[in-house]
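Q: The structure's right below; bear with me while I get my questions together.
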Amino acid sequence: MYSKHEASQVRQRFWTGFGQYMAPVPSAEGTRINWINYKTAVKGIRIRMDVDKKTAYIGMEIFSKDPELRQAYYNSFLSLKPAFERIAGDDWIWDAASVIQEQPVSRIFIQLENVNIFNETTWPGIISFFKSRLIALDNFWVENKEIFEMYS
């Protein structure tokens with residue numbers, strides 16, 4: 001069992017390592033990018049990654065406090081679903097209405113089960129899972145971000 005401080009250090013080591021691993025990978029636009037804190041530049045839409053003792057998670061999240069805007073964004077994603085699936089695959093979960101940390105969220109996400117951030121032997125699988133899907137989300141976003149920018 002880890003203390004809070006030790007658990008924080010393990011998480012920090014994982015995310016630092018992942019960031020270093022991804023650093024040489026250019027974005028779909030050919031530029032340097034901070035993959036860990038991917039900026040969509042559209043308020044209310046983010047790419048989020050998380051990993052805990054059971055699962056690794058990556059997704060596009062629509063977290064606008066305005067329910068009409070959140071629905072409009074989600075409907076735009078739905079209209080782009082064929083393009084999304086062509087780029088990122090069809091194994092993503094489309095969830096129009098979730099609550100994360102007491103906030104309403106619409107999201108498109110995928111999870112990797114049976115991994116544990118505290119078991120370093122699972123890190124290569126987690127990193128591979130995140131890398132391929134993060135690059136796919138970046139490719140999708142670069143191709144389609146202007147559709148979402150018009151709402152801003």
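In the structure tokens, each chain is lettered A, B, ... as it comes, each chain's residues begin at 1, and ligands are numbered from 1 in order of appearance.
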Please list as a PDB file with N, CA and C atoms, in the first residue's frame every residue within 7 Å of Arg46 (chain A), counting only C-alpha atoms and excluding residues in the same chain fewer than 6 positions away.
A:
```
ATOM      1  N   LYS A  39      -4.262  21.009 -25.803  1.00  0.00           N
ATOM      2  CA  LYS A  39      -5.156  22.168 -25.866  1.00  0.00           C
ATOM      3  C   LYS A  39      -5.958  22.128 -27.162  1.00  0.00           C
ATOM      4  N   THR A  40      -7.274  22.049 -27.024  1.00  0.00           N
ATOM      5  CA  THR A  40      -8.129  22.082 -28.217  1.00  0.00           C
ATOM      6  C   THR A  40      -8.361  23.507 -28.693  1.00  0.00           C
ATOM      7  N   MET A  60     -12.522  12.435 -25.547  1.00  0.00           N
ATOM      8  CA  MET A  60     -12.896  13.808 -25.866  1.00  0.00           C
ATOM      9  C   MET A  60     -14.051  14.115 -24.924  1.00  0.00           C
ATOM     10  N   GLU A  61     -13.926  15.187 -24.152  1.00  0.00           N
ATOM     11  CA  GLU A  61     -14.970  15.537 -23.208  1.00  0.00           C
ATOM     12  C   GLU A  61     -15.515  16.929 -23.521  1.00  0.00           C
ATOM     13  N   ILE A  62     -16.827  17.015 -23.498  1.00  0.00           N
ATOM     14  CA  ILE A  62     -17.518  18.285 -23.682  1.00  0.00           C
ATOM     15  C   ILE A  62     -18.063  18.641 -22.305  1.00  0.00           C
TER      16      ILE A  62
END
```
Q: Out of chain A, which residues get helix (DSSP H, G or I) from DSSP, as JSON, numbers by chain?
A: {"A": [4, 5, 6, 7, 8, 9, 10, 11, 12, 13, 14, 15, 16, 17, 18, 19, 20, 21, 22, 67, 68, 69, 70, 71, 72, 73, 74, 75, 76, 77, 78, 79, 81, 82, 83, 84, 85, 86, 87, 88, 120, 121, 122, 123, 124, 125, 126, 127, 128, 129, 130, 131, 132, 133, 134, 135, 136, 137, 138, 139, 140, 141, 142, 143, 144, 145, 146, 147, 148, 149]}
Q: Could you write those residues out with C-alpha atoms, as a CSV table (one decimal), in the first residue's frame?
A:
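Saved result, out_9.csv, follows:
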```
chain,number,residue,atom,x,y,z
A,4,LYS,CA,-0.5,9.6,-0.5
A,5,HIS,CA,2.9,11.1,-1.1
A,6,GLU,CA,4.3,7.8,-2.6
A,7,ALA,CA,1.2,7.4,-4.8
A,8,SER,CA,1.6,11.0,-6.0
A,9,GLN,CA,5.3,10.3,-6.8
A,10,VAL,CA,4.3,7.2,-8.8
A,11,ARG,CA,1.7,9.1,-10.8
A,12,GLN,CA,4.2,11.9,-11.4
A,13,ARG,CA,6.8,9.4,-12.6
A,14,PHE,CA,4.3,7.8,-15.0
A,15,TRP,CA,3.1,11.1,-16.5
A,16,THR,CA,6.6,12.5,-16.7
A,17,GLY,CA,7.8,9.4,-18.5
A,18,PHE,CA,4.8,9.4,-20.9
A,19,GLY,CA,5.4,13.1,-21.6
A,20,GLN,CA,9.1,12.4,-22.4
A,21,TYR,CA,8.1,9.4,-24.6
A,22,MET,CA,5.6,11.6,-26.6
A,67,PRO,CA,-26.4,22.6,-21.7
A,68,GLU,CA,-27.5,23.9,-25.1
A,69,LEU,CA,-23.9,24.5,-26.2
A,70,ARG,CA,-22.8,21.1,-24.8
A,71,GLN,CA,-25.6,19.4,-26.8
A,72,ALA,CA,-24.7,21.4,-29.9
A,73,TYR,CA,-21.0,20.3,-29.6
A,74,TYR,CA,-22.1,16.7,-29.0
A,75,ASN,CA,-24.4,16.8,-32.1
A,76,SER,CA,-21.5,18.1,-34.1
A,77,PHE,CA,-19.4,15.2,-33.0
A,78,LEU,CA,-22.3,12.8,-33.9
A,79,SER,CA,-22.4,14.3,-37.4
A,81,LYS,CA,-18.9,10.1,-36.3
A,82,PRO,CA,-18.0,8.4,-39.7
A,83,ALA,CA,-14.9,10.6,-39.9
A,84,PHE,CA,-14.1,10.0,-36.2
A,85,GLU,CA,-14.4,6.2,-36.7
A,86,ARG,CA,-12.3,6.3,-39.9
A,87,ILE,CA,-9.5,8.0,-38.0
A,88,ALA,CA,-9.8,6.6,-34.4
A,120,GLU,CA,5.1,-0.5,-13.6
A,121,THR,CA,5.0,-3.7,-15.7
A,122,THR,CA,1.7,-2.5,-17.1
A,123,TRP,CA,3.1,0.9,-18.1
A,124,PRO,CA,4.2,-0.1,-21.6
A,125,GLY,CA,0.7,-1.3,-22.4
A,126,ILE,CA,-0.8,1.9,-21.0
A,127,ILE,CA,1.6,4.1,-22.9
A,128,SER,CA,0.9,2.3,-26.1
A,129,PHE,CA,-2.8,2.6,-25.5
A,130,PHE,CA,-2.6,6.3,-24.9
A,131,LYS,CA,-0.1,7.0,-27.7
A,132,SER,CA,-2.1,5.5,-30.5
A,133,ARG,CA,-5.4,7.0,-29.4
A,134,LEU,CA,-4.0,10.4,-28.6
A,135,ILE,CA,-2.5,10.6,-32.0
A,136,ALA,CA,-5.8,9.6,-33.5
A,137,LEU,CA,-7.7,12.2,-31.5
A,138,ASP,CA,-5.2,14.8,-32.6
A,139,ASN,CA,-5.6,13.8,-36.3
A,140,PHE,CA,-9.4,14.0,-35.9
A,141,TRP,CA,-9.2,17.3,-34.1
A,142,VAL,CA,-6.9,18.9,-36.7
A,143,GLU,CA,-9.2,17.9,-39.5
A,144,ASN,CA,-12.4,19.1,-37.8
A,145,LYS,CA,-11.7,21.7,-35.2
A,146,GLU,CA,-13.0,24.6,-37.3
A,147,ILE,CA,-16.5,23.1,-37.0
A,148,PHE,CA,-16.3,23.6,-33.2
A,149,GLU,CA,-14.4,26.9,-33.4
```
Q: Could you pull out all residues of region 108-141 of chain A with a DSSP call of strand (DSSP E or B) and give them as a list in words?
A: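 Everything in region 108-141 of chain A that counts as strand (DSSP E or B) is Ile108, Phe109, Ile110, Gln111, Leu112 and Glu113 of chain A.
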Q: With N, CA and C atoms retained, could you export that selection as an mmCIF file, in the first residue's frame?
A:
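The new file part00.cif reads:
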```cif
data_model
loop_
_atom_site.group_PDB
_atom_site.id
_atom_site.type_symbol
_atom_site.label_atom_id
_atom_site.label_comp_id
_atom_site.auth_asym_id
_atom_site.auth_seq_id
_atom_site.Cartn_x
_atom_site.Cartn_y
_atom_site.Cartn_z
ATOM 1 N N ILE A 108 -16.772 11.097 -25.613
ATOM 2 C CA ILE A 108 -16.462 9.987 -26.499
ATOM 3 C C ILE A 108 -15.178 9.417 -25.927
ATOM 4 N N PHE A 109 -15.230 8.190 -25.456
ATOM 5 C CA PHE A 109 -14.072 7.687 -24.714
ATOM 6 C C PHE A 109 -13.851 6.202 -24.951
ATOM 7 N N ILE A 110 -12.698 5.768 -24.482
ATOM 8 C CA ILE A 110 -12.338 4.363 -24.529
ATOM 9 C C ILE A 110 -11.491 4.070 -23.296
ATOM 10 N N GLN A 111 -11.594 2.847 -22.805
ATOM 11 C CA GLN A 111 -10.842 2.449 -21.619
ATOM 12 C C GLN A 111 -10.058 1.172 -21.887
ATOM 13 N N LEU A 112 -8.951 1.056 -21.201
ATOM 14 C CA LEU A 112 -8.153 -0.165 -21.193
ATOM 15 C C LEU A 112 -8.286 -0.752 -19.800
ATOM 16 N N GLU A 113 -8.792 -1.963 -19.719
ATOM 17 C CA GLU A 113 -9.026 -2.616 -18.430
ATOM 18 C C GLU A 113 -7.793 -3.397 -17.990
#
```
Q: Which residue is closest to Ile58 (chain A)? Choose from A:Val42, A:Pro24, A:Tyr2, A:Arg107 and count only C-alpha atoms.
A: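 Among the listed residues, A:Arg107 lies closest to Ile58 (chain A).
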